[in-house]
>>> print(open('entry_9.cif').read())   # mmCIF, C-alpha atoms and all ligand atoms; chains and numbers go by the auth columns
data_my_file
#
loop_
_atom_site.group_PDB
_atom_site.id
_atom_site.type_symbol
_atom_site.label_atom_id
_atom_site.label_comp_id
_atom_site.label_asym_id
_atom_site.label_seq_id
_atom_site.Cartn_x
_atom_site.Cartn_y
_atom_site.Cartn_z
_atom_site.B_iso_or_equiv
_atom_site.auth_seq_id
_atom_site.auth_asym_id
ATOM 1 C CA MET A 1 8.952 53.949 25.778 0.00 250 A
ATOM 2 C CA THR A 2 11.343 53.485 28.658 0.00 251 A
ATOM 3 C CA LEU A 3 15.129 53.404 28.413 0.00 252 A
ATOM 4 C CA LYS A 4 15.044 49.670 29.159 0.00 253 A
ATOM 5 C CA THR A 5 12.669 48.812 26.286 0.00 254 A
ATOM 6 C CA ALA A 6 14.530 51.094 23.872 0.00 255 A
ATOM 7 C CA PHE A 7 17.571 48.776 23.946 0.00 256 A
ATOM 8 C CA ARG A 8 15.706 45.452 24.106 0.00 257 A
ATOM 9 C CA ARG A 9 15.723 43.170 21.038 0.00 258 A
ATOM 10 C CA PRO A 10 12.335 43.004 19.265 0.00 259 A
ATOM 11 C CA VAL A 11 10.204 39.950 20.076 0.00 260 A
ATOM 12 C CA THR A 12 8.424 40.048 16.719 0.00 261 A
ATOM 13 C CA ALA A 13 9.825 38.854 13.370 0.00 262 A
ATOM 14 C CA GLN A 14 10.137 40.822 10.147 0.00 263 A
ATOM 15 C CA TYR A 15 7.830 39.012 7.726 0.00 264 A
ATOM 16 C CA PRO A 16 8.575 37.550 5.186 0.00 265 A
ATOM 17 C CA GLU A 17 12.356 37.549 5.736 0.00 266 A
ATOM 18 C CA PRO A 18 13.243 33.812 5.645 0.00 267 A
ATOM 19 C CA ASN A 19 16.163 34.098 8.069 0.00 268 A
ATOM 20 C CA LYS A 20 14.091 36.027 10.604 0.00 269 A
ATOM 21 C CA ARG A 21 11.206 33.571 10.917 0.00 270 A
ATOM 22 C CA LEU A 22 10.246 32.308 14.328 0.00 271 A
ATOM 23 C CA PRO A 23 10.698 28.524 14.714 0.00 272 A
ATOM 24 C CA ILE A 24 7.588 26.380 14.334 0.00 273 A
ATOM 25 C CA ALA A 25 6.767 24.205 17.319 0.00 274 A
ATOM 26 C CA LEU A 26 6.732 20.444 16.697 0.00 275 A
ATOM 27 C CA ARG A 27 3.121 20.257 17.844 0.00 276 A
ATOM 28 C CA TYR A 28 2.038 22.986 15.395 0.00 277 A
ATOM 29 C CA LYS A 29 -0.923 21.944 13.244 0.00 278 A
ATOM 30 C CA GLY A 30 -0.835 23.254 9.709 0.00 279 A
ATOM 31 C CA PHE A 31 -2.699 21.930 6.692 0.00 280 A
ATOM 32 C CA PRO A 32 -3.219 18.156 6.258 0.00 281 A
ATOM 33 C CA ALA A 33 -0.687 16.181 4.219 0.00 282 A
ATOM 34 C CA LEU A 34 -0.400 12.568 3.076 0.00 283 A
ATOM 35 C CA MET A 35 2.315 10.306 4.475 0.00 284 A
ATOM 36 C CA TRP A 36 4.763 8.322 2.356 0.00 285 A
ATOM 37 C CA ASP A 37 5.742 4.737 3.118 0.00 286 A
ATOM 38 C CA GLY A 38 9.443 4.778 2.212 0.00 287 A
ATOM 39 C CA GLU A 39 9.828 1.049 2.868 0.00 288 A
ATOM 40 C CA VAL A 40 7.693 0.107 -0.122 0.00 289 A
ATOM 41 C CA ASN A 41 7.736 3.447 -1.966 0.00 290 A
ATOM 42 C CA GLU A 42 4.047 4.189 -1.995 0.00 291 A
ATOM 43 C CA PRO A 43 1.572 6.288 0.011 0.00 292 A
ATOM 44 C CA TYR A 44 0.060 4.927 3.218 0.00 293 A
ATOM 45 C CA CYS A 45 -3.330 6.049 1.920 0.00 294 A
ATOM 46 C CA THR A 46 -5.564 3.353 0.491 0.00 295 A
ATOM 47 C CA GLY A 47 -8.316 5.724 -0.605 0.00 296 A
ATOM 48 C CA CYS A 48 -10.760 4.214 1.889 0.00 297 A
ATOM 49 C CA MET A 49 -12.817 7.444 1.987 0.00 298 A
ATOM 50 C CA VAL A 50 -13.270 7.498 5.767 0.00 299 A
ATOM 51 C CA CYS A 51 -11.697 10.951 6.069 0.00 300 A
ATOM 52 C CA VAL A 52 -13.612 12.238 3.058 0.00 301 A
ATOM 53 C CA ARG A 53 -16.916 11.284 4.664 0.00 302 A
ATOM 54 C CA ALA A 54 -15.926 12.734 8.045 0.00 303 A
ATOM 55 C CA CYS A 55 -14.626 16.080 6.811 0.00 304 A
ATOM 56 C CA PRO A 56 -17.069 18.727 8.109 0.00 305 A
ATOM 57 C CA THR A 57 -16.390 21.171 5.280 0.00 306 A
ATOM 58 C CA GLN A 58 -16.537 18.548 2.506 0.00 307 A
ATOM 59 C CA CYS A 59 -13.306 19.794 0.996 0.00 308 A
ATOM 60 C CA MET A 60 -11.755 16.379 0.239 0.00 309 A
ATOM 61 C CA THR A 61 -12.054 14.009 -2.716 0.00 310 A
ATOM 62 C CA ALA A 62 -10.479 10.567 -3.078 0.00 311 A
ATOM 63 C CA GLU A 63 -10.331 7.796 -5.639 0.00 312 A
ATOM 64 C CA MET A 64 -8.720 4.387 -5.124 0.00 313 A
ATOM 65 C CA LYS A 65 -7.303 1.782 -7.502 0.00 314 A
ATOM 66 C CA ASP A 66 -5.964 -1.777 -7.344 0.00 315 A
ATOM 67 C CA ASN A 67 -2.388 -1.676 -6.114 0.00 316 A
ATOM 68 C CA PRO A 68 0.060 -3.072 -8.718 0.00 317 A
ATOM 69 C CA PHE A 69 2.648 -3.545 -5.942 0.00 318 A
ATOM 70 C CA PHE A 70 0.241 -5.919 -4.198 0.00 319 A
ATOM 71 C CA THR A 71 -0.026 -8.011 -7.368 0.00 320 A
ATOM 72 C CA ASP A 72 3.782 -8.138 -7.541 0.00 321 A
ATOM 73 C CA GLU A 73 3.930 -9.045 -3.823 0.00 322 A
ATOM 74 C CA LYS A 74 5.886 -5.882 -3.073 0.00 323 A
ATOM 75 C CA SER A 75 3.211 -4.424 -0.806 0.00 324 A
ATOM 76 C CA ARG A 76 0.417 -5.745 1.371 0.00 325 A
ATOM 77 C CA ARG A 77 -1.958 -2.904 0.446 0.00 326 A
ATOM 78 C CA ARG A 78 -4.573 -4.342 -1.906 0.00 327 A
ATOM 79 C CA LYS A 79 -5.871 -0.884 -2.768 0.00 328 A
ATOM 80 C CA ILE A 80 -3.927 2.327 -3.080 0.00 329 A
ATOM 81 C CA ILE A 81 -4.838 5.956 -3.526 0.00 330 A
ATOM 82 C CA ASP A 82 -5.078 7.061 -7.138 0.00 331 A
ATOM 83 C CA VAL A 83 -6.550 10.559 -6.948 0.00 332 A
ATOM 84 C CA PHE A 84 -6.702 12.754 -3.876 0.00 333 A
ATOM 85 C CA GLU A 85 -7.595 16.396 -3.717 0.00 334 A
ATOM 86 C CA ILE A 86 -8.135 18.800 -0.838 0.00 335 A
ATOM 87 C CA ASN A 87 -9.392 22.327 -1.270 0.00 336 A
ATOM 88 C CA LEU A 88 -7.251 23.846 1.448 0.00 337 A
ATOM 89 C CA GLY A 89 -9.100 27.121 1.033 0.00 338 A
ATOM 90 C CA ARG A 90 -12.050 25.416 2.708 0.00 339 A
ATOM 91 C CA CYS A 91 -10.076 23.415 5.279 0.00 340 A
ATOM 92 C CA ILE A 92 -10.684 24.579 8.848 0.00 341 A
ATOM 93 C CA LEU A 93 -7.690 22.655 10.280 0.00 342 A
ATOM 94 C CA CYS A 94 -9.934 20.625 12.553 0.00 343 A
ATOM 95 C CA ALA A 95 -7.780 17.444 12.207 0.00 344 A
ATOM 96 C CA ILE A 96 -10.839 15.187 12.082 0.00 345 A
ATOM 97 C CA CYS A 97 -9.398 13.561 8.955 0.00 346 A
ATOM 98 C CA VAL A 98 -6.288 12.643 10.943 0.00 347 A
ATOM 99 C CA ASP A 99 -8.290 11.295 13.868 0.00 348 A
ATOM 100 C CA VAL A 100 -10.477 8.997 11.765 0.00 349 A
ATOM 101 C CA CYS A 101 -7.766 7.585 9.484 0.00 350 A
ATOM 102 C CA ASN A 102 -7.004 3.956 10.378 0.00 351 A
ATOM 103 C CA PHE A 103 -3.904 3.735 8.186 0.00 352 A
ATOM 104 C CA ASP A 104 -1.554 6.442 9.555 0.00 353 A
ATOM 105 C CA ALA A 105 -1.945 8.027 6.147 0.00 354 A
ATOM 106 C CA ILE A 106 -2.664 11.680 6.900 0.00 355 A
ATOM 107 C CA GLU A 107 -1.191 14.164 9.379 0.00 356 A
ATOM 108 C CA MET A 108 -1.478 17.860 10.110 0.00 357 A
ATOM 109 C CA SER A 109 1.746 19.194 8.592 0.00 358 A
ATOM 110 C CA HIS A 110 3.589 22.429 9.310 0.00 359 A
ATOM 111 C CA VAL A 111 2.437 24.057 6.045 0.00 360 A
ATOM 112 C CA HIS A 112 0.564 27.246 6.843 0.00 361 A
ATOM 113 C CA GLU A 113 1.444 29.911 4.260 0.00 362 A
ATOM 114 C CA LEU A 114 -0.924 29.526 1.349 0.00 363 A
ATOM 115 C CA SER A 115 -2.042 33.027 0.458 0.00 364 A
ATOM 116 C CA LYS A 116 -3.463 33.157 -3.063 0.00 365 A
ATOM 117 C CA TYR A 117 -5.282 35.714 -5.185 0.00 366 A
ATOM 118 C CA GLN A 118 -8.027 33.353 -6.386 0.00 367 A
ATOM 119 C CA ARG A 119 -10.567 31.630 -4.133 0.00 368 A
ATOM 120 C CA ASN A 120 -9.870 28.137 -5.470 0.00 369 A
ATOM 121 C CA ASP A 121 -6.113 28.400 -5.974 0.00 370 A
ATOM 122 C CA ASN A 122 -5.449 26.290 -2.910 0.00 371 A
ATOM 123 C CA ARG A 123 -6.778 23.037 -4.350 0.00 372 A
ATOM 124 C CA VAL A 124 -3.916 20.573 -3.866 0.00 373 A
ATOM 125 C CA VAL A 125 -3.652 17.200 -5.571 0.00 374 A
ATOM 126 C CA LEU A 126 -2.078 13.884 -4.590 0.00 375 A
ATOM 127 C CA SER A 127 1.501 14.717 -5.630 0.00 376 A
ATOM 128 C CA GLN A 128 1.423 18.032 -3.730 0.00 377 A
ATOM 129 C CA LEU A 129 -0.085 16.420 -0.638 0.00 378 A
ATOM 130 C CA LEU A 130 2.616 13.737 -0.711 0.00 379 A
ATOM 131 C CA ASP A 131 5.374 16.354 -1.117 0.00 380 A
ATOM 132 C CA MET A 132 3.960 18.204 1.896 0.00 381 A
ATOM 133 C CA GLY A 133 3.896 14.909 3.767 0.00 382 A
ATOM 134 C CA LYS A 134 7.476 13.967 2.882 0.00 383 A
ATOM 135 C CA SER A 135 8.759 17.361 4.081 0.00 384 A
ATOM 136 C CA TYR A 136 6.820 16.986 7.304 0.00 385 A
ATOM 137 C CA GLN A 137 8.083 13.424 7.825 0.00 386 A
ATOM 138 C CA SER A 138 11.729 14.457 7.462 0.00 387 A
ATOM 139 C CA GLU A 139 11.195 17.617 9.542 0.00 388 A
ATOM 140 C CA ILE A 140 9.935 15.816 12.625 0.00 389 A
ATOM 141 C CA GLY A 141 11.317 12.300 12.036 0.00 390 A
ATOM 142 C CA TRP A 142 7.775 10.962 11.690 0.00 391 A
ATOM 143 C CA SER A 143 6.946 7.298 12.148 0.00 392 A
ATOM 144 C CA PRO A 144 3.532 5.623 12.023 0.00 393 A
ATOM 145 C CA SER A 145 1.654 5.143 15.285 0.00 394 A
ATOM 146 C CA GLN A 146 0.790 1.539 14.362 0.00 395 A
ATOM 147 C CA PRO A 147 3.751 0.261 12.311 0.00 396 A
ATOM 148 C CA GLU A 148 2.859 -3.443 12.592 0.00 397 A
ATOM 149 C CA LYS A 149 -0.637 -2.821 11.271 0.00 398 A
ATOM 150 C CA ASN A 150 0.053 -0.127 8.727 0.00 399 A
ATOM 151 C CA SER A 151 3.441 -0.932 7.235 0.00 400 A
ATOM 152 C CA GLY A 152 3.163 -1.917 3.596 0.00 401 A
ATOM 153 C CA VAL A 153 6.004 -4.436 3.795 0.00 402 A
ATOM 154 C CA PRO A 154 4.586 -7.836 2.792 0.00 403 A
ATOM 155 C CA VAL A 155 4.498 -10.482 5.501 0.00 404 A
ATOM 156 C CA LYS A 156 6.630 -13.441 4.425 0.00 405 A
ATOM 157 C CA LYS A 157 5.008 -16.835 4.749 0.00 406 A
ATOM 158 C CA GLU A 158 7.007 -19.222 6.922 0.00 407 A
ATOM 159 C CA GLU A 159 8.212 -22.304 5.133 0.00 408 A
ATOM 160 C CA GLY A 160 6.143 -25.350 5.954 0.00 409 A
ATOM 161 C CA ALA A 161 3.510 -23.251 7.694 0.00 410 A
ATOM 162 C CA LYS A 162 0.035 -24.693 7.387 0.00 411 A
ATOM 163 C CA PRO A 163 -2.687 -22.546 5.865 0.00 412 A
ATOM 164 C CA THR A 164 -4.663 -20.784 8.560 0.00 413 A
ATOM 165 C CA ARG A 165 -8.033 -21.949 7.266 0.00 414 A
ATOM 166 C CA GLN A 166 -8.516 -25.540 6.193 0.00 415 A
ATOM 167 C CA ARG A 167 -11.844 -27.049 5.268 0.00 416 A
ATOM 168 C CA THR A 168 -12.208 -30.419 6.974 0.00 417 A
ATOM 169 C CA THR A 169 -15.556 -31.436 5.535 0.00 418 A
ATOM 170 C CA LYS A 170 -16.731 -31.146 1.983 0.00 419 A
ATOM 171 C CA ARG A 171 -19.311 -28.449 1.463 0.00 420 A
ATOM 172 C CA PRO A 172 -22.630 -29.976 0.210 0.00 421 A
ATOM 173 C CA GLN A 173 -23.460 -29.182 -3.386 0.00 422 A
ATOM 174 C CA ALA A 174 -26.082 -26.500 -3.890 0.00 423 A
ATOM 175 C CA ASP A 175 -29.361 -28.070 -5.055 0.00 424 A
ATOM 176 C CA SER A 176 -30.307 -25.228 -7.310 0.00 425 A
ATOM 177 C CA ALA A 177 -29.073 -21.914 -8.598 0.00 426 A
ATOM 178 C CA ALA A 178 -31.007 -20.213 -5.797 0.00 427 A
ATOM 179 C CA ASP A 179 -28.981 -22.141 -3.195 0.00 428 A
ATOM 180 C CA ALA A 180 -25.659 -21.447 -4.855 0.00 429 A
ATOM 181 C CA PRO A 181 -23.461 -18.815 -3.219 0.00 430 A
ATOM 182 C CA SER A 182 -23.725 -15.509 -4.926 0.00 431 A
ATOM 183 C CA THR A 183 -20.771 -13.994 -6.745 0.00 432 A
ATOM 184 C CA PRO A 184 -19.557 -10.905 -4.886 0.00 433 A
ATOM 185 C CA THR A 185 -19.972 -7.749 -6.825 0.00 434 A
ATOM 186 C CA THR A 186 -17.007 -5.508 -7.493 0.00 435 A
ATOM 187 C CA PRO A 187 -17.091 -2.506 -5.183 0.00 436 A
ATOM 188 C CA ALA A 188 -17.220 0.908 -6.779 0.00 437 A
ATOM 189 C CA GLN A 189 -13.772 2.376 -6.965 0.00 438 A
ATOM 190 C CA THR A 190 -14.440 5.929 -7.982 0.00 439 A
ATOM 191 C CA THR A 191 -15.266 7.623 -4.755 0.00 440 A
ATOM 192 C CA THR A 192 -15.976 11.292 -4.510 0.00 441 A
ATOM 193 C CA HIS A 193 -17.525 13.075 -1.601 0.00 442 A
ATOM 194 C CA GLY A 194 -21.258 12.792 -1.285 0.00 443 A
ATOM 195 C CA GLU A 195 -21.485 9.464 -3.140 0.00 444 A
ATOM 196 C CA SER A 196 -22.511 6.328 -1.328 0.00 445 A
ATOM 197 C CA ALA A 197 -19.705 4.301 -2.882 0.00 446 A
ATOM 198 C CA THR A 198 -17.908 1.774 -0.692 0.00 447 A
ATOM 199 C CA GLY A 199 -14.307 0.730 -1.067 0.00 448 A
ATOM 200 C CA ASP A 200 -12.226 -2.273 -0.114 0.00 449 A
ATOM 201 C CA GLN A 201 -9.575 -1.374 2.389 0.00 450 A
ATOM 202 C CA ALA A 202 -6.130 -2.721 2.439 0.00 451 A
HETATM 203 S S1 LIG B . -8.945 7.832 5.935 0.00 1 B
HETATM 204 FE FE1 LIG B . -6.711 7.661 5.621 0.00 1 B
HETATM 205 S S2 LIG B . -6.453 5.911 4.222 0.00 1 B
HETATM 206 FE FE2 LIG B . -8.619 6.516 4.116 0.00 1 B
HETATM 207 S S3 LIG B . -8.704 7.952 2.364 0.00 1 B
HETATM 208 FE FE3 LIG B . -8.380 9.187 4.222 0.00 1 B
HETATM 209 S S4 LIG B . -6.137 9.455 4.371 0.00 1 B
HETATM 210 FE FE4 LIG B . -6.529 7.751 2.941 0.00 1 B
HETATM 211 S S1 LIG B . -8.522 19.263 8.775 0.00 2 B
HETATM 212 FE FE1 LIG B . -10.781 19.148 8.957 0.00 2 B
HETATM 213 S S2 LIG B . -11.560 20.528 7.359 0.00 2 B
HETATM 214 FE FE2 LIG B . -9.386 20.151 6.899 0.00 2 B
HETATM 215 S S3 LIG B . -9.420 18.438 5.420 0.00 2 B
HETATM 216 FE FE3 LIG B . -9.201 17.541 7.498 0.00 2 B
HETATM 217 S S4 LIG B . -11.323 17.085 8.184 0.00 2 B
HETATM 218 FE FE4 LIG B . -11.466 18.496 6.423 0.00 2 B
#
>>> encode(input="entry_9.cif", output="structure tokens", more="lines below")
Ligand code: SF4
Ligand code: SF4
Amino acid sequence: MTLKTAFRRPVTAQYPEPNKRLPIALRYKGFPALMWDGEVNEPYCTGCMVCVRACPTQCMTAEMKDNPFFTDEKSRRRKIIDVFEINLGRCILCAICVDVCNFDAIEMSHVHELSKYQRNDNRVVLSQLLDMGKSYQSEIGWSPSQPEKNSGVPVKKEEGAKPTRQRTTKRPQADSAADAPSTPTTPAQTTTHGESATGDQA
């Protein structure tokens, strides 16, 4: 040790002293968190399962439901997330879930301290993921990358506007039951990883 280094302030921090922590860079990627749409008071996530299928460690589970806000015309998301779980103990922080999400619904937050005594104690559910997301949103002043597409605020119909699709000719009657258009089946809504279930997206 030289005289110069003896009087220099330490460059390391005393862990876990809260007031001696080093600041986290804005670009820091911690564990994934779900974003909250404050304009309509619901998550951005529709439970579409794209991230669940893409996750290389298969640590995510999602389940969607019909959105009651859509029925009440308070949101334009037809489907909304009902159950979401990530086993953060198996997450490798690859951010593939963020890259594949089309709804601005998931981001890599600044959460990084999750030491636990049990292997599966880092399973986090929807409410925890949303809390992580809300903290992250207020920390960095987050806004969606595609607000026009992904905002849940319902689009108001202009008065006197004509419907976009109008049938000009009458469709011929089906001759038999075989010619009649089939009734669409209801897509499976319970969607856990590894199942081949498909879901309607908002
Ligand atoms: S891809 Fe996005 S919207 Fe779909 S389930 Fe994952 S977080 Fe939700
Ligand atoms: S960051 Fe990677 S490993 Fe972690 S939940 Fe997302 S896709 Fe899965």
>>> residues_around(input="entry_9.cif", residues="segment 332-337 of chain A", least_positions_apart="2", cutoff="9 Å", atoms="all atoms listed in the file", output="compact mmCIF listing (two decimals) with C-alpha atoms, in the coordinates of the input")
# COMPACT_ATOMS: atom_id res chain seq x y z
CA PHE A 280 -2.70 21.93 6.69
CA PRO A 281 -3.22 18.16 6.26
CA GLY A 296 -8.32 5.72 -0.60
CA GLN A 307 -16.54 18.55 2.51
CA CYS A 308 -13.31 19.79 1.00
CA MET A 309 -11.76 16.38 0.24
CA THR A 310 -12.05 14.01 -2.72
CA ALA A 311 -10.48 10.57 -3.08
CA GLU A 312 -10.33 7.80 -5.64
CA MET A 313 -8.72 4.39 -5.12
CA LYS A 314 -7.30 1.78 -7.50
CA ILE A 330 -4.84 5.96 -3.53
CA ARG A 339 -12.05 25.42 2.71
CA CYS A 340 -10.08 23.42 5.28
CA ILE A 341 -10.68 24.58 8.85
CA LEU A 342 -7.69 22.66 10.28
CA LEU A 363 -0.92 29.53 1.35
CA ASN A 369 -9.87 28.14 -5.47
CA ASP A 370 -6.11 28.40 -5.97
CA ASN A 371 -5.45 26.29 -2.91
CA ARG A 372 -6.78 23.04 -4.35
CA VAL A 373 -3.92 20.57 -3.87
CA VAL A 374 -3.65 17.20 -5.57
CA LEU A 375 -2.08 13.88 -4.59
CA SER A 376 1.50 14.72 -5.63
CA LEU A 378 -0.08 16.42 -0.64
>>> closest_residue(input="entry_9.cif", among="A:Met381, A:Ile389, A:Val402, A:Ala282", to="ligand LIG 1 (chain B)", atoms="all atoms listed in the file")
A:Ala282
>>> closest_atom_pairs(input="entry_9.cif", of="chain A", to="ligand LIG 1 (chain B)", cutoff="8 Å", atoms="all atoms listed in the file", output="Markdown table")
| residue | atom | partner | partner_atom | distance |
| --- | --- | --- | --- | --- |
| A:Leu283 | CA | B:LIG1 | S4 | 6.7 |
| A:Tyr293 | CA | B:LIG1 | S2 | 6.7 |
| A:Cys294 | CA | B:LIG1 | FE4 | 3.8 |
| A:Thr295 | CA | B:LIG1 | S2 | 4.6 |
| A:Gly296 | CA | B:LIG1 | S3 | 3.7 |
| A:Cys297 | CA | B:LIG1 | FE2 | 3.9 |
| A:Met298 | CA | B:LIG1 | S3 | 4.2 |
| A:Val299 | CA | B:LIG1 | S1 | 4.3 |
| A:Cys300 | CA | B:LIG1 | S1 | 4.2 |
| A:Val301 | CA | B:LIG1 | FE3 | 6.2 |
| A:Ala311 | CA | B:LIG1 | S3 | 6.3 |
| A:Ile330 | CA | B:LIG1 | FE4 | 6.9 |
| A:Cys346 | CA | B:LIG1 | S1 | 6.5 |
| A:Val347 | CA | B:LIG1 | FE1 | 7.3 |
| A:Val349 | CA | B:LIG1 | S1 | 6.1 |
| A:Cys350 | CA | B:LIG1 | S1 | 3.7 |
| A:Asn351 | CA | B:LIG1 | FE1 | 6.0 |
| A:Phe352 | CA | B:LIG1 | S2 | 5.2 |
| A:Asp353 | CA | B:LIG1 | FE1 | 6.6 |
| A:Ala354 | CA | B:LIG1 | S4 | 4.8 |
| A:Ile355 | CA | B:LIG1 | S4 | 4.8 |
>>> residues_near_point(input="entry_9.cif", point="(13.4, 3.1, 3.6)", cutoff="12 Å", atoms="only C-alpha atoms", output="PyMOL selection string")
chain A and resi 285-291+392+400-402
>>> axis_aligned_box(input="entry_9.cif", around="ligand LIG 2 (chain B)", padding_each_side="8 Å", output="lines of an AutoDock Vina configuration file")
center_x = -10.0
center_y = 18.8
center_z = 7.2
size_x = 19.0
size_y = 19.4
size_z = 19.5
>>> closest_residue(input="entry_9.cif", among="A:Ala262, A:Lys405, A:Gly338, A:Pro267", to="Gln367 of chain A", atoms="all atoms listed in the file")
A:Gly338
>>> closest_residue(input="entry_9.cif", among="A:Asp348, A:Glu266, A:Lys328, A:Pro272", to="Ser394 of chain A", atoms="all atoms listed in the file")
A:Asp348
>>> atom_distance(input="entry_9.cif", atom1="atom CA of Tyr385 of chain A", atom2="atom CA of Met357 of chain A")
8.8 Å
>>> atom_distance(input="entry_9.cif", atom1="atom CA of Ile345 of chain A", atom2="atom CA of Arg327 of chain A")
24.8 Å
>>> closest_residue(input="entry_9.cif", among="A:Ser364, A:Asn399, A:Thr320, A:Ser358", to="Ser387 of chain A", atoms="all atoms listed in the file")
A:Ser358
>>> residues_around(input="entry_9.cif", residues="segment 254-260 of chain A", least_positions_apart="3", cutoff="12 Å", atoms="only C-alpha atoms", output="list in words")
Met250, Thr251, Gln263, Lys269, Arg270 and Leu271 of chain A
>>> atom_distance(input="entry_9.cif", atom1="atom CA of Leu379 of chain A", atom2="atom CA of Val404 of chain A")
25.1 Å
>>> closest_residue(input="entry_9.cif", among="A:Leu252, A:Gln386, A:Lys365, A:Asp315", to="Leu275 of chain A", atoms="all atoms listed in the file")
A:Gln386
>>> closest_residue(input="entry_9.cif", among="A:Glu356, A:Glu322, A:Asp331, A:Asp380", to="ligand LIG 2 (chain B)", atoms="all atoms listed in the file")
A:Glu356
>>> build_atoms(input="entry_9.cif", residues="segment 334-348 of chain A", atoms="N, CA and C atoms", output="JSON list (two decimals), keeping the file's coordinate frame")
[["chain", "number", "residue", "atom", "x", "y", "z"],
["A", 334, "GLU", "N", -7.63, 14.94, -3.63],
["A", 334, "GLU", "CA", -7.60, 16.40, -3.72],
["A", 334, "GLU", "C", -8.19, 17.00, -2.46],
["A", 335, "ILE", "N", -7.56, 18.03, -1.95],
["A", 335, "ILE", "CA", -8.14, 18.80, -0.84],
["A", 335, "ILE", "C", -8.16, 20.26, -1.25],
["A", 336, "ASN", "N", -9.31, 20.89, -1.06],
["A", 336, "ASN", "CA", -9.39, 22.33, -1.27],
["A", 336, "ASN", "C", -9.02, 22.99, 0.05],
["A", 337, "LEU", "N", -7.74, 23.32, 0.18],
["A", 337, "LEU", "CA", -7.25, 23.85, 1.45],
["A", 337, "LEU", "C", -7.85, 25.22, 1.77],
["A", 338, "GLY", "N", -8.41, 25.86, 0.78],
["A", 338, "GLY", "CA", -9.10, 27.12, 1.03],
["A", 338, "GLY", "C", -10.35, 26.92, 1.87],
["A", 339, "ARG", "N", -10.86, 25.70, 1.91],
["A", 339, "ARG", "CA", -12.05, 25.42, 2.71],
["A", 339, "ARG", "C", -11.73, 24.62, 3.96],
["A", 340, "CYS", "N", -10.47, 24.21, 4.11],
["A", 340, "CYS", "CA", -10.08, 23.42, 5.28],
["A", 340, "CYS", "C", -10.06, 24.30, 6.53],
["A", 341, "ILE", "N", -10.65, 23.80, 7.60],
["A", 341, "ILE", "CA", -10.68, 24.58, 8.85],
["A", 341, "ILE", "C", -9.68, 24.04, 9.87],
["A", 342, "LEU", "N", -8.77, 23.17, 9.43],
["A", 342, "LEU", "CA", -7.69, 22.66, 10.28],
["A", 342, "LEU", "C", -8.21, 21.95, 11.53],
["A", 343, "CYS", "N", -9.33, 21.27, 11.38],
["A", 343, "CYS", "CA", -9.93, 20.62, 12.55],
["A", 343, "CYS", "C", -9.25, 19.31, 12.92],
["A", 344, "ALA", "N", -8.52, 18.70, 11.99],
["A", 344, "ALA", "CA", -7.78, 17.44, 12.21],
["A", 344, "ALA", "C", -8.69, 16.23, 12.36],
["A", 345, "ILE", "N", -9.95, 16.36, 12.00],
["A", 345, "ILE", "CA", -10.84, 15.19, 12.08],
["A", 345, "ILE", "C", -10.37, 14.11, 11.10],
["A", 346, "CYS", "N", -9.89, 14.54, 9.94],
["A", 346, "CYS", "CA", -9.40, 13.56, 8.96],
["A", 346, "CYS", "C", -8.26, 12.73, 9.53],
["A", 347, "VAL", "N", -7.41, 13.36, 10.33],
["A", 347, "VAL", "CA", -6.29, 12.64, 10.94],
["A", 347, "VAL", "C", -6.81, 11.67, 12.01],
["A", 348, "ASP", "N", -7.76, 12.13, 12.78],
["A", 348, "ASP", "CA", -8.29, 11.30, 13.87],
["A", 348, "ASP", "C", -8.98, 10.04, 13.35]]
